[in-house]
>>> print(open('entry29.txt').read())   # compact mmCIF, C-alpha atoms
# COMPACT_ATOMS: atom_id res chain seq x y z
CA ASP A 1 -24.23 44.61 162.68
CA GLY A 2 -20.95 42.90 161.85
CA GLY A 3 -18.51 42.44 164.65
CA ILE A 4 -16.92 40.31 167.30
CA THR A 5 -18.80 39.24 170.41
CA GLN A 6 -16.99 38.10 173.51
CA SER A 7 -18.73 36.65 176.53
CA PRO A 8 -18.93 36.89 179.41
CA LYS A 9 -17.73 40.41 180.11
CA TYR A 10 -16.57 39.40 183.60
CA LEU A 11 -15.59 35.93 184.77
CA PHE A 12 -14.40 34.52 188.06
CA ARG A 13 -12.41 31.35 188.42
CA LYS A 14 -11.94 29.18 191.44
CA GLU A 15 -8.70 27.39 192.18
CA GLY A 16 -8.30 24.26 190.07
CA GLN A 17 -11.14 25.17 187.75
CA ASN A 18 -11.14 25.41 183.97
CA VAL A 19 -13.10 28.26 182.43
CA THR A 20 -14.01 28.92 178.81
CA LEU A 21 -14.21 32.33 177.17
CA SER A 22 -16.43 32.68 174.14
CA CYS A 23 -15.57 34.56 170.95
CA GLU A 24 -17.89 34.75 167.95
CA GLN A 25 -17.45 36.80 164.77
CA ASN A 26 -19.76 37.46 161.84
CA LEU A 27 -17.21 39.30 159.73
CA ASN A 28 -16.42 36.19 157.68
CA HIS A 29 -12.75 36.47 158.61
CA ASP A 30 -10.55 33.43 158.20
CA ALA A 31 -8.11 34.28 160.98
CA MET A 32 -8.89 34.64 164.66
CA TYR A 33 -6.65 35.51 167.59
CA TRP A 34 -6.58 35.49 171.37
CA TYR A 35 -4.56 38.02 173.33
CA ARG A 36 -3.89 38.58 176.98
CA GLN A 37 -3.44 42.09 178.38
CA ASP A 38 -2.11 42.79 181.87
CA PRO A 39 -2.52 46.22 183.52
CA GLY A 40 -0.42 48.86 181.83
CA GLN A 41 0.92 46.37 179.32
CA GLY A 42 0.58 45.60 175.66
CA LEU A 43 -1.19 42.66 174.10
CA ARG A 44 0.48 39.26 174.09
CA LEU A 45 -0.58 36.55 171.68
CA ILE A 46 -1.90 33.35 173.24
CA TYR A 47 -3.22 31.36 170.27
CA TYR A 48 -4.22 32.04 166.71
CA SER A 49 -6.07 30.23 163.97
CA GLN A 50 -5.70 30.96 160.28
CA ILE A 51 -8.36 28.52 159.15
CA VAL A 52 -11.03 26.22 160.50
CA ASN A 53 -9.75 23.10 162.28
CA ASP A 54 -6.27 24.54 162.59
CA PHE A 55 -4.65 26.65 165.29
CA GLN A 56 -1.16 27.56 166.44
CA LYS A 57 0.47 28.55 169.71
CA GLY A 58 1.42 32.16 170.30
CA ASP A 59 3.98 33.49 172.74
CA ILE A 60 2.19 32.52 175.94
CA ALA A 61 0.13 29.41 175.14
CA GLU A 62 1.00 27.46 178.29
CA GLY A 63 -2.05 26.89 180.47
CA TYR A 64 -4.49 27.69 177.66
CA SER A 65 -6.29 25.68 175.00
CA VAL A 66 -8.46 26.56 172.01
CA SER A 67 -10.60 24.97 169.32
CA ARG A 68 -11.74 26.14 165.90
CA GLU A 69 -14.56 23.89 164.79
CA LYS A 70 -16.44 26.67 163.03
CA LYS A 71 -15.22 29.69 161.11
CA GLU A 72 -17.13 32.10 163.29
CA SER A 73 -16.15 30.67 166.69
CA PHE A 74 -12.84 30.49 168.54
CA PRO A 75 -13.33 29.68 172.24
CA LEU A 76 -10.44 29.92 174.71
CA THR A 77 -10.16 27.67 177.76
CA VAL A 78 -8.08 28.86 180.67
CA THR A 79 -7.01 25.69 182.41
CA SER A 80 -6.00 25.10 186.01
CA ALA A 81 -2.42 24.87 184.75
CA GLN A 82 -2.44 28.64 184.16
CA LYS A 83 -1.22 29.83 187.54
CA ASN A 84 -1.69 33.54 186.95
CA PRO A 85 -4.87 33.85 184.90
CA THR A 86 -6.05 37.24 186.14
CA ALA A 87 -6.00 39.49 183.07
CA PHE A 88 -8.06 41.12 180.33
CA TYR A 89 -8.58 38.71 177.43
CA LEU A 90 -9.15 40.04 173.94
CA CYS A 91 -10.29 38.15 170.88
CA ALA A 92 -9.65 39.48 167.38
CA SER A 93 -10.27 38.48 163.80
CA GLY A 94 -8.92 39.62 160.46
CA ASP A 95 -8.00 38.75 156.91
CA THR A 96 -4.43 38.54 155.66
CA GLY A 97 -2.93 41.98 155.35
CA GLN A 98 -5.98 43.67 156.85
CA PRO A 99 -6.43 45.29 160.27
CA GLN A 100 -7.48 43.08 163.12
CA HIS A 101 -10.87 43.79 164.68
CA PHE A 102 -11.24 43.29 168.40
CA GLY A 103 -14.05 42.24 170.67
CA ASP A 104 -14.85 44.11 173.89
CA GLY A 105 -12.89 41.67 176.01
CA THR A 106 -13.43 39.43 179.02
CA ARG A 107 -11.98 40.36 182.39
CA LEU A 108 -10.99 37.23 184.31
CA SER A 109 -10.37 37.25 188.05
CA ILE A 110 -9.57 34.63 190.66
CA LEU A 111 -11.89 33.97 193.58
CA GLY B 1 15.12 39.37 170.36
CA GLN B 2 12.03 41.33 169.44
CA SER B 3 11.15 44.66 170.94
CA LEU B 4 9.06 47.73 170.35
CA GLU B 5 9.84 50.92 172.23
CA GLN B 6 7.33 53.68 172.78
CA PRO B 7 7.03 56.29 175.55
CA SER B 8 4.92 55.13 178.46
CA GLU B 9 3.12 58.44 178.99
CA VAL B 10 2.50 61.68 177.12
CA THR B 11 0.51 64.73 178.20
CA ALA B 12 -0.70 67.40 175.80
CA VAL B 13 -3.08 70.34 175.75
CA GLU B 14 -6.43 70.30 174.04
CA GLY B 15 -6.15 71.68 170.51
CA ALA B 16 -2.42 70.99 170.29
CA ILE B 17 -0.46 68.44 168.25
CA VAL B 18 1.25 65.40 169.76
CA GLN B 19 3.62 62.84 168.28
CA ILE B 20 4.01 59.32 169.67
CA ASN B 21 7.17 57.57 168.54
CA CYS B 22 7.76 53.87 168.07
CA THR B 23 11.04 52.12 167.35
CA TYR B 24 11.15 48.44 166.64
CA GLN B 25 13.54 45.54 166.47
CA THR B 26 11.83 42.44 165.09
CA SER B 27 12.66 39.27 163.22
CA GLY B 28 10.50 40.23 160.25
CA PHE B 29 8.59 43.26 159.07
CA TYR B 30 5.63 43.78 156.78
CA GLY B 31 4.19 46.95 158.25
CA LEU B 32 3.48 49.08 161.32
CA SER B 33 -0.02 49.48 162.73
CA TRP B 34 -1.43 51.83 165.34
CA TYR B 35 -4.31 51.07 167.67
CA GLN B 36 -6.20 53.20 170.17
CA GLN B 37 -7.59 51.77 173.39
CA HIS B 38 -9.73 53.62 175.91
CA ASP B 39 -9.68 52.37 179.50
CA GLY B 40 -11.48 49.04 179.77
CA GLY B 41 -12.29 49.01 176.08
CA ALA B 42 -11.26 47.18 172.96
CA PRO B 43 -8.36 48.32 170.81
CA THR B 44 -9.51 50.03 167.62
CA PHE B 45 -7.47 50.30 164.46
CA LEU B 46 -6.17 53.74 163.53
CA SER B 47 -3.57 53.45 160.81
CA TYR B 48 -1.19 51.16 158.94
CA ASN B 49 2.06 51.83 157.09
CA ALA B 50 3.62 49.19 154.88
CA LEU B 51 5.80 51.61 152.94
CA ASP B 52 7.95 54.56 153.97
CA GLY B 53 6.20 57.87 154.26
CA LEU B 54 3.19 59.53 155.75
CA GLU B 55 -0.38 58.20 155.84
CA GLU B 56 -3.10 60.68 156.75
CA THR B 57 -6.55 59.84 158.07
CA GLY B 58 -8.40 62.89 159.28
CA ARG B 59 -6.77 64.28 162.42
CA PHE B 60 -4.47 61.26 162.66
CA SER B 61 -1.33 60.67 160.58
CA SER B 62 1.24 57.93 160.77
CA PHE B 63 4.78 57.87 159.48
CA LEU B 64 7.20 55.03 158.77
CA SER B 65 10.91 54.86 158.03
CA ARG B 66 11.90 51.25 157.47
CA SER B 67 15.59 52.07 157.20
CA ASP B 68 15.45 53.58 160.70
CA SER B 69 13.05 50.97 162.10
CA TYR B 70 10.99 53.90 163.29
CA GLY B 71 7.51 55.22 163.04
CA TYR B 72 5.26 57.73 164.72
CA LEU B 73 1.63 58.58 165.18
CA LEU B 74 0.69 62.25 164.91
CA LEU B 75 -2.53 63.50 166.45
CA GLN B 76 -3.66 67.00 165.52
CA GLU B 77 -6.30 69.29 167.01
CA LEU B 78 -6.33 67.22 170.16
CA GLN B 79 -9.66 66.63 171.82
CA MET B 80 -10.39 65.43 175.33
CA LYS B 81 -11.77 62.18 173.90
CA ASP B 82 -8.31 61.41 172.49
CA SER B 83 -7.16 60.57 176.02
CA ALA B 84 -6.41 56.86 175.68
CA SER B 85 -3.59 54.38 175.25
CA TYR B 86 -1.96 54.09 171.84
CA PHE B 87 -0.17 50.95 170.71
CA CYS B 88 2.15 50.41 167.83
CA ALA B 89 2.26 46.89 166.44
CA VAL B 90 4.53 45.31 163.87
CA ARG B 91 2.98 42.95 161.36
CA GLY B 92 5.33 40.14 160.54
CA GLY B 93 7.46 40.98 163.53
CA HIS B 94 6.39 37.84 165.25
CA GLN B 95 8.18 34.56 165.37
CA THR B 96 4.84 32.76 165.41
CA GLY B 97 3.67 33.81 161.98
CA ALA B 98 4.19 36.28 159.18
CA ASN B 99 0.77 37.88 159.49
CA ASN B 100 0.64 38.15 163.24
CA LEU B 101 0.96 41.39 165.16
CA PHE B 102 3.61 42.05 167.78
CA PHE B 103 2.47 44.85 170.09
CA GLY B 104 4.36 47.50 171.99
CA THR B 105 3.51 48.23 175.62
CA GLY B 106 1.52 51.32 174.76
CA THR B 107 1.65 55.07 175.32
CA ARG B 108 -0.91 56.58 177.63
CA LEU B 109 -1.97 59.98 176.26
CA THR B 110 -3.61 62.45 178.60
CA VAL B 111 -5.20 65.52 177.06
CA ILE B 112 -5.62 68.44 179.43
CA PRO B 113 -7.80 71.53 178.99
>>> encode(input="entry29.txt", output="structure tokens")
Amino acid sequence: DGGITQSPKYLFRKEGQNVTLSCEQNLNHDAMYWYRQDPGQGLRLIYYSQIVNDFQKGDIAEGYSVSREKKESFPLTVTSAQKNPTAFYLCASGDTGQPQHFGDGTRLSIL
Amino acid sequence: GQSLEQPSEVTAVEGAIVQINCTYQTSGFYGLSWYQQHDGGAPTFLSYNALDGLEETGRFSSFLSRSDSYGYLLLQELQMKDSASYFCAVRGGHQTGANNLFFGTGTRLTVIP
């Protein structure tokens, strides 16, 4: 089945630790996106990538990093510089002018 | 600045019709999308309007008036499973890129028997 796979579903981070969230898609989409969602809020764009080996900052990129070495993969690292990382993280992919398709999300909490 | 306004909560009766409004103020505009999200789940695409008028997809319809910077999502024959959050999102309304989506804060719809 075509889709977007995010892992893990739940993740816990210790103080000062970097953690990486995985996002893989087999939809052959060029563009991929990372969003953060806080309780009762909308989605805010962290990073996006329109093509392999290229990515751009979104509205709230501070404390996060990404890479796009392969078309199907767009991992997100939440660094220790992100002081309030507890949130629901959603990965999406899409082609220009087409709807974005979302993964099932990763819920990150602080230990 | 950029903003999307939608009601935070709406309650409606099973079998009824409900309309969720969205007004926007963004730096650019290519179209208005609607997404549904059940608690703890992923957003799923419902509808997209690039031009003025009504788009119908089964029980769901979406309307856009670009001159009024306004759109709405209409849900007919409400079912209990329609209880979810609904987000409007402007494509091109984002300073970071013409194709990116800028999301509203969502409307939580509760369907009651």
>>> interface_residues(input="entry29.txt", of="chain B", to="chain A", cutoff="12 Å", atoms="all atoms listed in the file", output="ChimeraX atom specification")
/B:2-6,8-9,30-50,84-92,94-108
>>> atom_distance(input="entry29.txt", atom1="CA of Ser93 in chain A", atom2="CA of Asn53 in chain A")
15.5 Å
>>> atom_distance(input="entry29.txt", atom1="CA of Tyr10 in chain A", atom2="CA of Pro39 in chain A")
15.6 Å
>>> residues_around(input="entry29.txt", residues="range 59-72 of chain B", least_positions_apart="5", cutoff="6 Å", atoms="only C-alpha atoms", output="PDB file with C-alpha atoms, in the coordinates of the input")
ATOM      1  CA  ILE B  20       4.010  59.320 169.670  1.00  0.00           C
ATOM      2  CA  ASN B  21       7.170  57.570 168.540  1.00  0.00           C
ATOM      3  CA  CYS B  22       7.760  53.870 168.070  1.00  0.00           C
ATOM      4  CA  THR B  23      11.040  52.120 167.350  1.00  0.00           C
ATOM      5  CA  TYR B  24      11.150  48.440 166.640  1.00  0.00           C
ATOM      6  CA  ASP B  52       7.950  54.560 153.970  1.00  0.00           C
ATOM      7  CA  GLY B  53       6.200  57.870 154.260  1.00  0.00           C
ATOM      8  CA  LEU B  54       3.190  59.530 155.750  1.00  0.00           C
TER       9      LEU B  54
END
>>> residues_around(input="entry29.txt", residues="Glu72 in chain A", least_positions_apart="4", cutoff="8 Å", atoms="only C-alpha atoms", output="NGL selection string")
:A and (24-26 or 28-29)
>>> atom_distance(input="entry29.txt", atom1="CA of Val10 in chain B", atom2="CA of Leu109 in chain B")
4.9 Å
>>> residues_near_point(input="entry29.txt", point="(-14.8, 32.2, 189.6)", cutoff="7 Å", atoms="only C-alpha atoms", output="list of chain:residue names")
A:Leu11, A:Phe12, A:Arg13, A:Lys14, A:Ser109, A:Ile110, A:Leu111
>>> closest_residue(input="entry29.txt", among="A:Leu108, A:Val78, A:Ile4, A:Ala87", to="Ser65 in chain A", atoms="all atoms listed in the file")
A:Val78
>>> closest_residue(input="entry29.txt", among="B:Gln25, B:Glu14, B:Gln19, B:Pro7", to="Asp82 in chain B", atoms="all atoms listed in the file")
B:Glu14
>>> residues_around(input="entry29.txt", residues="Ser80 in chain A", least_positions_apart="5", cutoff="10 Å", atoms="all atoms listed in the file", output="mmCIF file with C-alpha atoms, in the frame of the given file")
data_model
loop_
_atom_site.group_PDB
_atom_site.id
_atom_site.type_symbol
_atom_site.label_atom_id
_atom_site.label_comp_id
_atom_site.auth_asym_id
_atom_site.auth_seq_id
_atom_site.Cartn_x
_atom_site.Cartn_y
_atom_site.Cartn_z
ATOM 1 C CA ARG A 13 -12.410 31.350 188.420
ATOM 2 C CA LYS A 14 -11.940 29.180 191.440
ATOM 3 C CA GLU A 15 -8.700 27.390 192.180
ATOM 4 C CA GLY A 16 -8.300 24.260 190.070
ATOM 5 C CA GLN A 17 -11.140 25.170 187.750
ATOM 6 C CA ASN A 18 -11.140 25.410 183.970
ATOM 7 C CA VAL A 19 -13.100 28.260 182.430
ATOM 8 C CA GLY A 63 -2.050 26.890 180.470
ATOM 9 C CA TYR A 64 -4.490 27.690 177.660
ATOM 10 C CA PRO A 85 -4.870 33.850 184.900
#
>>> residues_around(input="entry29.txt", residues="Gln79 in chain B", least_positions_apart="6", cutoff="9 Å", atoms="only C-alpha atoms", output="MDAnalysis selection string")
chainID B and resid 13:16 111:113
>>> residues_around(input="entry29.txt", residues="range 20-22 of chain A", least_positions_apart="2", cutoff="6 Å", atoms="all atoms listed in the file", output="number ranges by chain")
A: 6-7, 75-77
>>> write_last_selection(input="entry29.txt", atoms="C-alpha atoms", output="PDB file, in the coordinates of the input")
ATOM      1  CA  GLN A   6     -16.990  38.100 173.510  1.00  0.00           C
ATOM      2  CA  SER A   7     -18.730  36.650 176.530  1.00  0.00           C
ATOM      3  CA  PRO A  75     -13.330  29.680 172.240  1.00  0.00           C
ATOM      4  CA  LEU A  76     -10.440  29.920 174.710  1.00  0.00           C
ATOM      5  CA  THR A  77     -10.160  27.670 177.760  1.00  0.00           C
TER       6      THR A  77
END
>>> decode(input="entry29.txt", residues="range 26-42 of chain B", atoms="all heavy atoms", output="mmCIF file, in the first residue's frame")
data_model
loop_
_atom_site.group_PDB
_atom_site.id
_atom_site.type_symbol
_atom_site.label_atom_id
_atom_site.label_comp_id
_atom_site.auth_asym_id
_atom_site.auth_seq_id
_atom_site.Cartn_x
_atom_site.Cartn_y
_atom_site.Cartn_z
ATOM 1 N N THR B 26 -3.842 36.483 4.238
ATOM 2 C CA THR B 26 -2.528 35.895 3.978
ATOM 3 C C THR B 26 -1.789 36.703 2.924
ATOM 4 O O THR B 26 -2.373 37.468 2.177
ATOM 5 C CB THR B 26 -2.651 34.438 3.508
ATOM 6 O OG1 THR B 26 -3.466 34.391 2.326
ATOM 7 C CG2 THR B 26 -3.289 33.556 4.568
ATOM 8 N N SER B 27 -0.493 36.470 2.865
ATOM 9 C CA SER B 27 0.352 37.225 1.938
ATOM 10 C C SER B 27 0.171 36.779 0.498
ATOM 11 O O SER B 27 0.468 37.522 -0.425
ATOM 12 C CB SER B 27 1.813 37.090 2.347
ATOM 13 O OG SER B 27 2.174 35.723 2.396
ATOM 14 N N GLY B 28 -0.264 35.587 0.280
ATOM 15 C CA GLY B 28 -0.517 35.072 -1.057
ATOM 16 C C GLY B 28 -1.668 34.094 -0.990
ATOM 17 O O GLY B 28 -2.089 33.677 0.098
ATOM 18 N N PHE B 29 -2.206 33.744 -2.141
ATOM 19 C CA PHE B 29 -3.341 32.806 -2.130
ATOM 20 C C PHE B 29 -3.408 32.063 -3.456
ATOM 21 O O PHE B 29 -3.463 32.684 -4.535
ATOM 22 C CB PHE B 29 -4.644 33.556 -1.877
ATOM 23 C CG PHE B 29 -5.836 32.640 -1.781
ATOM 24 C CD1 PHE B 29 -6.150 32.034 -0.579
ATOM 25 C CD2 PHE B 29 -6.613 32.355 -2.895
ATOM 26 C CE1 PHE B 29 -7.232 31.177 -0.484
ATOM 27 C CE2 PHE B 29 -7.702 31.500 -2.811
ATOM 28 C CZ PHE B 29 -8.003 30.912 -1.598
ATOM 29 N N TYR B 30 -3.396 30.728 -3.348
ATOM 30 C CA TYR B 30 -3.627 29.891 -4.518
ATOM 31 C C TYR B 30 -4.860 29.027 -4.352
ATOM 32 O O TYR B 30 -5.413 28.519 -5.322
ATOM 33 C CB TYR B 30 -2.417 28.991 -4.787
ATOM 34 C CG TYR B 30 -1.228 29.741 -5.329
ATOM 35 C CD1 TYR B 30 -0.204 30.171 -4.489
ATOM 36 C CD2 TYR B 30 -1.122 30.032 -6.682
ATOM 37 C CE1 TYR B 30 0.881 30.862 -4.982
ATOM 38 C CE2 TYR B 30 -0.043 30.725 -7.188
ATOM 39 C CZ TYR B 30 0.958 31.140 -6.324
ATOM 40 O OH TYR B 30 2.039 31.830 -6.820
ATOM 41 N N GLY B 31 -5.285 28.805 -3.113
ATOM 42 C CA GLY B 31 -6.453 27.982 -2.904
ATOM 43 C C GLY B 31 -6.663 27.685 -1.440
ATOM 44 O O GLY B 31 -5.780 27.909 -0.610
ATOM 45 N N LEU B 32 -7.869 27.181 -1.122
ATOM 46 C CA LEU B 32 -8.238 26.860 0.258
ATOM 47 C C LEU B 32 -8.534 25.371 0.362
ATOM 48 O O LEU B 32 -9.349 24.839 -0.403
ATOM 49 C CB LEU B 32 -9.473 27.667 0.671
ATOM 50 C CG LEU B 32 -9.889 27.569 2.139
ATOM 51 C CD1 LEU B 32 -8.869 28.261 3.024
ATOM 52 C CD2 LEU B 32 -11.270 28.188 2.341
ATOM 53 N N SER B 33 -7.869 24.727 1.300
ATOM 54 C CA SER B 33 -8.062 23.293 1.528
ATOM 55 C C SER B 33 -8.767 23.063 2.856
ATOM 56 O O SER B 33 -8.705 23.898 3.759
ATOM 57 C CB SER B 33 -6.706 22.578 1.574
ATOM 58 O OG SER B 33 -6.010 22.680 0.363
ATOM 59 N N TRP B 34 -9.397 21.907 2.959
ATOM 60 C CA TRP B 34 -10.012 21.474 4.212
ATOM 61 C C TRP B 34 -9.500 20.076 4.558
ATOM 62 O O TRP B 34 -9.442 19.188 3.691
ATOM 63 C CB TRP B 34 -11.533 21.448 4.087
ATOM 64 C CG TRP B 34 -12.142 22.807 4.015
ATOM 65 C CD1 TRP B 34 -12.421 23.535 2.895
ATOM 66 C CD2 TRP B 34 -12.537 23.617 5.133
ATOM 67 N NE1 TRP B 34 -12.965 24.745 3.236
ATOM 68 C CE2 TRP B 34 -13.048 24.828 4.605
ATOM 69 C CE3 TRP B 34 -12.518 23.452 6.516
ATOM 70 C CZ2 TRP B 34 -13.533 25.856 5.416
ATOM 71 C CZ3 TRP B 34 -12.998 24.468 7.313
ATOM 72 C CH2 TRP B 34 -13.498 25.644 6.762
ATOM 73 N N TYR B 35 -9.172 19.911 5.840
ATOM 74 C CA TYR B 35 -8.698 18.638 6.345
ATOM 75 C C TYR B 35 -9.516 18.240 7.569
ATOM 76 O O TYR B 35 -9.944 19.097 8.347
ATOM 77 C CB TYR B 35 -7.217 18.715 6.737
ATOM 78 C CG TYR B 35 -6.266 18.722 5.564
ATOM 79 C CD1 TYR B 35 -6.022 19.891 4.851
ATOM 80 C CD2 TYR B 35 -5.633 17.559 5.159
ATOM 81 C CE1 TYR B 35 -5.161 19.899 3.768
ATOM 82 C CE2 TYR B 35 -4.755 17.555 4.077
ATOM 83 C CZ TYR B 35 -4.528 18.726 3.391
ATOM 84 O OH TYR B 35 -3.678 18.729 2.315
ATOM 85 N N GLN B 36 -9.694 16.939 7.730
ATOM 86 C CA GLN B 36 -10.370 16.383 8.892
ATOM 87 C C GLN B 36 -9.342 15.646 9.744
ATOM 88 O O GLN B 36 -8.485 14.950 9.206
ATOM 89 C CB GLN B 36 -11.452 15.400 8.443
ATOM 90 C CG GLN B 36 -12.197 14.704 9.576
ATOM 91 C CD GLN B 36 -13.015 13.521 9.066
ATOM 92 O OE1 GLN B 36 -12.479 12.566 8.509
ATOM 93 N NE2 GLN B 36 -14.330 13.586 9.233
ATOM 94 N N GLN B 37 -9.441 15.790 11.054
ATOM 95 C CA GLN B 37 -8.538 15.079 11.940
ATOM 96 C C GLN B 37 -9.311 14.540 13.145
ATOM 97 O O GLN B 37 -9.850 15.316 13.926
ATOM 98 C CB GLN B 37 -7.400 15.982 12.414
ATOM 99 C CG GLN B 37 -6.353 15.262 13.261
ATOM 100 C CD GLN B 37 -5.256 16.188 13.754
ATOM 101 O OE1 GLN B 37 -5.492 17.362 14.009
ATOM 102 N NE2 GLN B 37 -4.035 15.672 13.877
ATOM 103 N N HIS B 38 -9.345 13.217 13.276
ATOM 104 C CA HIS B 38 -9.895 12.609 14.476
ATOM 105 C C HIS B 38 -8.845 12.647 15.575
ATOM 106 O O HIS B 38 -7.649 12.713 15.308
ATOM 107 C CB HIS B 38 -10.342 11.176 14.201
ATOM 108 C CG HIS B 38 -11.583 11.099 13.378
ATOM 109 N ND1 HIS B 38 -11.573 10.911 12.014
ATOM 110 C CD2 HIS B 38 -12.887 11.183 13.729
ATOM 111 C CE1 HIS B 38 -12.809 10.889 11.557
ATOM 112 N NE2 HIS B 38 -13.637 11.061 12.574
ATOM 113 N N ASP B 39 -9.312 12.595 16.822
ATOM 114 C CA ASP B 39 -8.409 12.691 17.967
ATOM 115 C C ASP B 39 -7.256 11.686 17.851
ATOM 116 O O ASP B 39 -7.489 10.483 17.698
ATOM 117 C CB ASP B 39 -9.177 12.441 19.269
ATOM 118 C CG ASP B 39 -10.022 13.625 19.661
ATOM 119 O OD1 ASP B 39 -9.807 14.718 19.099
ATOM 120 O OD2 ASP B 39 -10.895 13.466 20.537
ATOM 121 N N GLY B 40 -6.030 12.215 17.961
ATOM 122 C CA GLY B 40 -4.858 11.354 17.933
ATOM 123 C C GLY B 40 -4.481 10.827 16.570
ATOM 124 O O GLY B 40 -3.522 10.064 16.439
ATOM 125 N N GLY B 41 -5.233 11.248 15.546
ATOM 126 C CA GLY B 41 -4.987 10.701 14.213
ATOM 127 C C GLY B 41 -4.324 11.681 13.280
ATOM 128 O O GLY B 41 -3.976 12.802 13.664
ATOM 129 N N ALA B 42 -4.144 11.250 12.054
ATOM 130 C CA ALA B 42 -3.538 12.087 11.033
ATOM 131 C C ALA B 42 -4.602 12.915 10.324
ATOM 132 O O ALA B 42 -5.728 12.460 10.136
ATOM 133 C CB ALA B 42 -2.819 11.212 10.012
#
